[in-house]
Amino acid sequence: DMANSRCIVLIGSHIGENLHNSQVQTLMQALDQGATLITVDPRFSVPASKSRYWLPIKPGTDIALLLAWMHVLIDEGLYDREYVARHCVGFAELARHVRPYTPEWAYLETGLAPERIRETAHAIADAAPAALVHPGRHVTWYGDDTQRCRAIAILNALLGSWGRAGGFYRQEKVALPDFPAPKPPEPAQDWKSVVQADYPLVSTGISNRLVEQSVGDDAFFKGWFVYATNLPMTLPGAVEQIHAAAQSLELMVVVDTMPAEITGYADVVLPECTYLERYDDLRNKAERVPTLALRMPAFEPRYESRPAWWIAKGIAEHLGLGEFFPWEDYREVLDWQLRQVGSSLAEMEQVGVKRFARKTAPYFVDGAPVRFNTPSGKIELYSRLLEDIGQDPLPNYTPPDRPPEGFYHLNYGRAPAHTFGRTINNPQLFELMPENQVWVHPAVAARIGVRSGDYVQLENPLGVRSNRIRVRVTQRIRPDSVFMVHGFGHTDQRQRLARGVGADDAALMHNVKLDPVMCGTGMRASFVRLVRGDEVS
């Protein structure tokens, strides 16, 4: 609920450096109304430039700062006692847990001065409950990501922010029914019990486990359908495994709109048309205001490309499974769904986006019962669920690996000109941003002997080198870190503009940390050194 916040904390959230326009607008509303913005980031990002406090934290030490903030709130009685008593369980255990984590202790881990940690803790508490610590979007970083996300959620609970104005509103979506179709039969095998049995809380597929279980003659998976996912440039440290899987699989089908690197492994490529040429499912995301949005074609599909619904229905019919797709054109599905909620495809084709009235209050109502989506129905500061599966019931801090001599933390992010690596070969967007740069602190640049505009290569401790990448010397990065935008360094020869331009951060990631709770691939624990132009191979 940023528009109504009096204090907003961003931890590695780069609002303003992507194209999430609604978030940018609500953040700017808050700033226009005098809200305090605190940005925690090793890099002086765009939101850091709008902040009252920039905390240039040592990479990988976020939990240390979060625990220190909790210590200050509890030790000085700044937390919302009534809210915690009503909505939380496990406070006594949490209070004992954070007692040793003073700002002085956190200084040795984070590099942030104790007085600045206390000052920002007071700023957050003074604004509560109209204060929030933003949970972020891309959150797989250092291998402790479940616990870091829990620490953020716990800190928001101490502030009384959940379900409160200026904190977090209760999201609501449109009650949109599914199109009537036969229910598919249950799978013959429970693949999750085979592939990821040691991660019982994970409801979705774990990419690195899926790849592992596709290698070898006795592999569990014999075929892949890869939809709009360029695995060689998105799954860090897995290129060799992807090679091995491609050799083992009996069939690999890739559905994509572009000649991404993964299409080079495919037995069959099914070319999907772009979003400008197709209908997709209605966007029905839980928001402050329940809203439906329609994606509709502006042009007919070019060449042999087709929408995903057409591809899926055609495959099903050839397999004798056409009964599960009881429609001829996906427009029938969209129109039926819309008519169930008082609209129609014809109306949505005119308006594009339609808002609906909420059926519940956006904030907690005083005295009304509240149930959270946990076993106890409360905010679980101490998690019995995690304890039961052998994981830490409270967020613990583990110091991150430190770079070897002469190496630097590799940080990556996004740029507003591109959608990750999918649009680099687009001529108009390529013109806006044809290559990425590596941000280097002036002290490091002087030590190495490089200047802004020079080309270097990046090399990880295993000796893997990137393409050449242009240097940007700036004080907006910590001296122990470098930063680059993700998505560059393509290798597919069909990408006429993007091939060989810029550096690929994923190829340099050698120290991938797997989260013990959800097995997410922590991609910010790798290190690189700069190889000067006279050494560039």
# chains A, B, ... in the order shown; residues from 1 in each chain; ligands from 1
>>> residues_around(residues="Trp309 in chain A", least_positions_apart="5", cutoff="12 Å", atoms="only C-alpha atoms", output="ChimeraX atom specification")
/A:255,272-273,278-281,314-316,325,327-334
>>> write_last_selection(atoms="C-alpha atoms", output="tab-separated table (two decimals), in the first residue's frame")
chain	number	residue	atom	x	y	z
A	255	VAL	CA	7.82	-23.18	-27.87
A	272	GLU	CA	4.50	-19.05	-31.01
A	273	CYS	CA	3.29	-15.71	-32.31
A	278	ARG	CA	-2.71	-13.41	-30.08
A	279	TYR	CA	-5.35	-13.75	-27.40
A	280	ASP	CA	-4.13	-14.98	-24.01
A	281	ASP	CA	-5.83	-15.88	-20.74
A	314	GLY	CA	-3.75	-29.23	-31.91
A	315	ILE	CA	-1.38	-31.52	-30.02
A	316	ALA	CA	-4.22	-32.74	-27.80
A	325	PHE	CA	-10.41	-28.68	-25.28
A	327	TRP	CA	-14.01	-25.23	-28.11
A	328	GLU	CA	-12.92	-24.27	-31.60
A	329	ASP	CA	-11.47	-20.84	-30.92
A	330	TYR	CA	-10.14	-19.46	-27.64
A	331	ARG	CA	-12.40	-16.46	-28.07
A	332	GLU	CA	-15.25	-18.78	-27.02
A	333	VAL	CA	-13.53	-19.45	-23.69
A	334	LEU	CA	-12.86	-15.78	-23.03
>>> residues_around(residues="range 221-233 of chain A", least_positions_apart="4", cutoff="10 Å", atoms="only C-alpha atoms", output="PyMOL selection string")
chain A and resi 191+195+207+210-217+237-243+245-246+248-263+266+268-270+272+308+421-422+486-491+504-507
>>> select_by_dssp(residues="range 281-501 of chain A", states="strand (DSSP E or B)", output="PyMOL selection string")
chain A and resi 283+287+291-293+306+353-355+379-380+408-413+437-440+455-459+465-473+477+481-485+490+499
>>> atom_distance(atom1="CA of Ile57 in chain A", atom2="CA of Pro393 in chain A")
25.4 Å
>>> residues_around(residues="Leu514 in chain A", least_positions_apart="4", cutoff="12 Å", atoms="only C-alpha atoms", output="ChimeraX atom specification")
/A:140-146,199,206-209,236-237,518-525
>>> closest_residue(among="A:Glu435, A:Glu380, A:Asp62, A:Asp492", to="Ala153 in chain A", atoms="only C-alpha atoms")
A:Glu380
>>> atom_distance(atom1="CA of Gly453 in chain A", atom2="CA of Asp41 in chain A")
24.6 Å
>>> residues_around(residues="Thr291 in chain A", least_positions_apart="4", cutoff="8 Å", atoms="only C-alpha atoms", output="list of chain:residue names")
A:Lys173, A:Val174, A:Arg283, A:Asn284, A:Lys285, A:Glu287, A:Val353, A:Lys354, A:Arg355, A:Phe356
>>> atom_distance(atom1="CA of Tyr265 in chain A", atom2="CA of Ala244 in chain A")
10.7 Å
>>> closest_residue(among="A:Gly320, A:Pro200, A:Gly160, A:Gly390", to="Val84 in chain A", atoms="only C-alpha atoms")
A:Gly160
>>> residues_around(residues="Asn436 in chain A", least_positions_apart="6", cutoff="12 Å", atoms="only C-alpha atoms", output="ChimeraX atom specification")
/A:412-415,417-418,420-421,424,430,453,455,467-472,483-490,498,500-505
>>> select_by_dssp(residues="range 164-338 of chain A", states="alpha helix (DSSP H)", output="PyMOL selection string")
chain A and resi 191-195+207-212+231-234+239-248+308-318+330-338
>>> closest_residue(among="A:Pro47, A:Ile11, A:Gln437, A:Gly205", to="Gln23 in chain A", atoms="only C-alpha atoms")
A:Pro47
>>> closest_residue(among="A:Cys7, A:Ser51, A:Val202, A:Asn156", to="His122 in chain A", atoms="only C-alpha atoms")
A:Cys7
>>> residues_around(residues="Leu159 in chain A", least_positions_apart="5", cutoff="7 Å", atoms="only C-alpha atoms", output="ChimeraX atom specification")
/A:79-80,125,128-129
>>> closest_residue(among="A:Ile477, A:Val512, A:Met348, A:Val517", to="Leu385 in chain A", atoms="only C-alpha atoms")
A:Val517
